[in-house]
Structures are given as structure tokens and as C-alpha cells.
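So the structure is just underneath, and the comments pick up after that.
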Amino acid sequence: MIERTHLKIIQAVEQHGSLTAAAKELCVTQSALSHTIRKLEDNLGTPVWLREGRSLRLTQAGRYLLNIANRVLPLLFHAEDKLKQMAQGERGTLRIGMECHPCYQWLLKVVSPFLDSWPDVDVDVKQKFQFGGVGALLDYEIDLLVTPDPFYKSNLSFTPVFDYEQVLVVPRGHALTTQPYALPEDLRDQVLLTYPVAPDRLDIYSQFLTPAAVVPKQHKTSETTEIMLQMVACQRGVAALPRWLAEEYCQKLPLDVVRLGEQGIAKQIYLGTREGEEHMGYLNAFIELARSYQPPA
């Protein structure tokens, strides 16, 4: 019943003092303005203003609507402005889904300069995804997916960000460090530590152990990289991680890195987005920034 137009008319008449001036301000005819308010008064069953000579005096109902107009209209203008900025990619929240557990440390190095460059954009990182990020992307739960395993589907686009090698992390002085590379058979008597992900979705299994029909002595999981590598350093097992992350921890803990197979396991990290969102400036800026930051090889 009460529309934005009604509030704008009441506010304009109060500000400019007459129907003529208000109509000019709102770019409508005086008769159209009067008709609009008359129809509102009929619907409300009460007058909005009373004529006193050439001037108008707001009634109690009119004064109440003016108070509403003074509160609501600025909110609507602000909302429209914010939505336009969001549409143009200048303001909003960038929701990032993670399918790559060890990439969190890399992501932190990208997020910091991004927040500095885009002060009106927040970042929300969701780490709950193990391998369900594509569905979240399609369902608009997230805006960007960090994954080593792109799942190509219509309406989605995956941009390669950086290459890396998956390696085996062992305690310093481990017998495997005397070899140029590890063979699947070498892990048959080892305790393998991984993130809590199904084995068939882990590269150490799908690209190394399973093709050779090898199963490690035991498979344990850890939610955090730090705890996993502390266990490796204490000779509780071995782990498979990206080389750049493994070598970073080798500087802090008594650890060594061993190549997996003669050729190694080559991988890439991708950023998945929905097609048709190229206009989102902050989304594109994040992707370009991510591509410019290459972890140490």
C-alpha cells in the first residue's frame, strides 16, 4: 500500500514547501503528484496533509509517514549504492572454498595483500569441503574454489594458478633419503599420514600406491599440517605434501623430502569460478594476485 514514491513525495513537499516545487524536484507533473497522494489517502482512509491557504500542513498521519521516509529512504539509497558496487565488483564478501588442505598457508599469503588493495571487500574462507566444492560453487555457497582436482562442468571455469610436485616427507636421516626417489614398495612397511580424505582421492594412493597394488602398513589421518609433520619428525610415520610446503617445514623441523617415483608426481592448483561473473572486479583481482604469487618450487 505504501510505496517508495509516496515517501519521496511527502519528503519533497516538506523540504520544498509546495506541490509545485516538489513536482519539479521529482520530475513529475503537479497533477500526477496530487493524484498519487490522493489515492494513498483513499487507501489509508486518512488525509496526509491539509491545505492552509497556499501552504500544506502535514497531518499526524503525514508526519508519521515523513518520519518513516526520513529513515527508510536513506537506507534504500545506501542499499542500491552497495548493490551497484557489488555488481561492479567493488564491494562485498569473497567466499572461498578450500579443497586443498595444505594450500591454506599459501592462501594466507595471497589474502593479506588482497585485503589491503580492496578495503571494502571481506574474505570468508570455508575449509569444510574435502571434495564437495564444485556443488557449493554451483549452489552459490562460495564464489571461488581452490582445488588440485578441477571437475569440468558447464557454467564453471577453472584457472590454473601454479604447478607443484607432490613429495614424501620423512624424518631426517630416514633410510629413504639415501635413495634418489621412493618406490611404491618402499611404503609397504611405513605408517602413512594424510589429511582426512578418502584414499581414492589422495594422489599418494591414486597416482603412486594403488597402480602398484601397494598398501602401507598403516594409514592415519590428521586435520592439521603442523601436527602431521610433528608426528613425522618424531618418527611416527611419513607424509605426502607439496614440495614447497614440505621444504618450508624442513627449515623448522628435522625432516627430509624424497621424490615419489623417478618422474615425481606433478600437480597444479586451480581456482574455480562460475562463468558469467567476469564483471566482479574483486574476484578477477584475487585470481590475478593468486597467479602472481608462486610458492617456492
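Order determines the names: the first chain of the C-alpha cells is A, the second B, and so forth; residues in each chain are numbered 1 upward, and ligands are numbered 1 upward as they are shown.
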### In region 107-192 of chain A, DSSP strand (DSSP E) residues written as a PyMOL selection string
chain A and resi 121-126+144-147+156-171+191-192
Can you list, as an mmCIF file with C-alpha atoms, in the first residue's frame, all residues belonging to region 26-119 of chain A that DSSP tags as helix (DSSP H, G or I)?
```cif
data_model
loop_
_atom_site.group_PDB
_atom_site.id
_atom_site.type_symbol
_atom_site.label_atom_id
_atom_site.label_comp_id
_atom_site.auth_asym_id
_atom_site.auth_seq_id
_atom_site.Cartn_x
_atom_site.Cartn_y
_atom_site.Cartn_z
ATOM 1 C CA LEU A 26 10.719 14.750 -8.680
ATOM 2 C CA GLN A 30 1.777 18.554 -10.198
ATOM 3 C CA SER A 31 -1.476 16.813 -11.141
ATOM 4 C CA ALA A 32 0.258 13.403 -11.181
ATOM 5 C CA LEU A 33 1.738 14.106 -7.777
ATOM 6 C CA SER A 34 -1.623 15.156 -6.339
ATOM 7 C CA HIS A 35 -3.329 12.112 -7.838
ATOM 8 C CA THR A 36 -0.760 9.767 -6.308
ATOM 9 C CA ILE A 37 -1.188 11.189 -2.817
ATOM 10 C CA ARG A 38 -4.992 11.323 -3.152
ATOM 11 C CA LYS A 39 -5.020 7.628 -4.000
ATOM 12 C CA LEU A 40 -2.818 6.888 -0.994
ATOM 13 C CA GLU A 41 -5.138 8.854 1.277
ATOM 14 C CA ASP A 42 -8.121 6.922 -0.048
ATOM 15 C CA ASN A 43 -6.353 3.636 0.677
ATOM 16 C CA LEU A 44 -5.275 4.743 4.151
ATOM 17 C CA GLN A 60 -0.499 13.364 12.229
ATOM 18 C CA ALA A 61 -0.520 10.552 9.650
ATOM 19 C CA GLY A 62 1.548 12.678 7.253
ATOM 20 C CA ARG A 63 4.068 13.495 9.980
ATOM 21 C CA TYR A 64 4.366 9.788 10.803
ATOM 22 C CA LEU A 65 4.999 8.968 7.130
ATOM 23 C CA LEU A 66 7.583 11.757 6.927
ATOM 24 C CA ASN A 67 9.482 10.195 9.850
ATOM 25 C CA ILE A 68 9.343 6.843 8.069
ATOM 26 C CA ALA A 69 10.556 8.474 4.848
ATOM 27 C CA ASN A 70 13.485 10.150 6.591
ATOM 28 C CA ARG A 71 14.595 6.781 7.992
ATOM 29 C CA VAL A 72 13.785 4.421 5.127
ATOM 30 C CA LEU A 73 14.804 6.408 2.042
ATOM 31 C CA PRO A 74 18.469 6.848 3.075
ATOM 32 C CA LEU A 75 18.622 3.097 3.787
ATOM 33 C CA LEU A 76 17.223 2.305 0.356
ATOM 34 C CA PHE A 77 19.625 4.691 -1.361
ATOM 35 C CA HIS A 78 22.519 3.129 0.560
ATOM 36 C CA ALA A 79 21.347 -0.386 -0.315
ATOM 37 C CA GLU A 80 21.092 0.482 -4.003
ATOM 38 C CA ASP A 81 24.534 2.029 -3.973
ATOM 39 C CA LYS A 82 26.022 -1.002 -2.235
ATOM 40 C CA LEU A 83 24.324 -3.429 -4.630
ATOM 41 C CA LYS A 84 25.656 -1.464 -7.594
ATOM 42 C CA GLN A 85 29.123 -1.660 -6.118
ATOM 43 C CA MET A 86 28.694 -5.385 -5.584
ATOM 44 C CA ALA A 87 27.529 -5.792 -9.176
ATOM 45 C CA CYS A 103 47.048 -24.666 0.394
ATOM 46 C CA TYR A 104 45.809 -22.769 3.435
ATOM 47 C CA GLN A 105 49.307 -21.431 4.177
ATOM 48 C CA TRP A 106 49.632 -20.312 0.557
ATOM 49 C CA LEU A 107 46.192 -18.687 0.695
ATOM 50 C CA LEU A 108 47.150 -16.597 3.714
ATOM 51 C CA LYS A 109 49.979 -15.037 1.721
ATOM 52 C CA VAL A 110 47.506 -14.041 -1.021
ATOM 53 C CA VAL A 111 44.684 -12.826 1.219
ATOM 54 C CA SER A 112 46.769 -10.261 3.087
ATOM 55 C CA PRO A 113 47.735 -8.078 0.075
ATOM 56 C CA PHE A 114 44.246 -8.596 -1.392
ATOM 57 C CA LEU A 115 42.572 -7.115 1.706
ATOM 58 C CA ASP A 116 44.972 -4.178 1.564
ATOM 59 C CA SER A 117 44.023 -3.498 -2.066
#
```
### Task
Give me, please, the distance in Å between CA of Val170 (chain A) and CA of Ala240 (chain A), quoted to one decimal.
9.0 Å
Sort by chain and increasing residue number a table of all residues of region 141-163 of chain A within 6 Å of region 261-277 of chain A, each with its closest pair of atoms and their distance in Å to one decimal, counting only C-alpha atoms, and write it as a Markdown table.
```
| residue | atom | partner | partner_atom | distance |
| --- | --- | --- | --- | --- |
| A:Leu144 | CA | A:Thr273 | CA | 5.1 |
| A:Leu145 | CA | A:Gly272 | CA | 4.7 |
| A:Val146 | CA | A:Leu271 | CA | 4.9 |
| A:Thr147 | CA | A:Tyr270 | CA | 5.4 |
| A:Pro148 | CA | A:Ile269 | CA | 4.5 |
| A:Asn155 | CA | A:Glu275 | CA | 5.1 |
| A:Leu156 | CA | A:Arg274 | CA | 4.5 |
| A:Ser157 | CA | A:Thr273 | CA | 5.3 |
| A:Phe158 | CA | A:Gly272 | CA | 4.3 |
| A:Thr159 | CA | A:Leu271 | CA | 5.2 |
| A:Pro160 | CA | A:Tyr270 | CA | 4.3 |
| A:Val161 | CA | A:Tyr270 | CA | 5.4 |
| A:Phe162 | CA | A:Ile269 | CA | 5.6 |
| A:Asp163 | CA | A:Gln268 | CA | 4.4 |
```
